[in-house]
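Chemist: Structure below; questions to follow.
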Amino acid sequence: MTACSRPATGATAASILFQGKIQIPNAEYKDDLSPLDEGCECPVCKAHTKSYVRHLFATKEILGPILASMHNMYFLTHLVSQIRESILNGNFHEFRDTFLNSYGKVQNQISA
């Protein structure tokens, strides 16, 4: 994971969620007081809302990309940990299917 800078590239302003990716600067998040990812335990999701992080991107504050990168790295680290646990427990295929069935629901809802 350290060889890839994609999750930490705040210029894309994409936040990775368990339901898919969102573009946080989009206007739809202007008044959204929910965390970046419901149920996420990262410090960003515990302390900041989508509207606040969107505001940081809109005003070109450096904290916006930093918070998005922190969340993305937490997400990926947590995902890899869950994958490892599912392999050790012998239920990787079930985990994979569950994850893939839920991942992308955000994009599908937006484009619908």
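By convention in this document, the chains of the structure tokens carry letters A, B, ... by their order, each chain's residues are numbered from 1, and ligands are numbered from 1 in the order they are shown.
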Apply DSSP to the backbone of this structure and, from chain A, keep only the residues in alpha helix (DSSP H); write these as an MDAnalysis selection string.

Modeler: chainID A and resid 43:47 50:58 63:88 92:102 105:111

Chemist: List every residue of chain A that DSSP, applied to the backbone, labels as strand (DSSP E), and write the result as a ChimeraX atom specification.

Modeler: /A:14-17,20-23

Chemist: With only C-alpha atoms as the atoms that count, which of A:Glu94, A:Glu85, A:Glu61, A:Asp31 lies nearest to Thr49 in chain A?

Modeler: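 That would be A:Asp31, the residue with the smallest distance to Thr49 in chain A.
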
Chemist: Point out the residue among A:Lys30, A:Ile87, A:Gln82, A:Pro43 with the least atom-to-atom distance to Leu56 in chain A, counting only C-alpha atoms.

Modeler: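 That would be A:Lys30, the residue with the smallest distance to Leu56 in chain A.
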
Chemist: Smallest atom-to-atom distance to Gln19 in chain A: which of A:Ile66, A:Val44, A:Leu33, A:Gly39, using only C-alpha atoms?

Modeler: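 Residue with the minimum atom-to-atom distance to Gln19 in chain A: A:Gly39.
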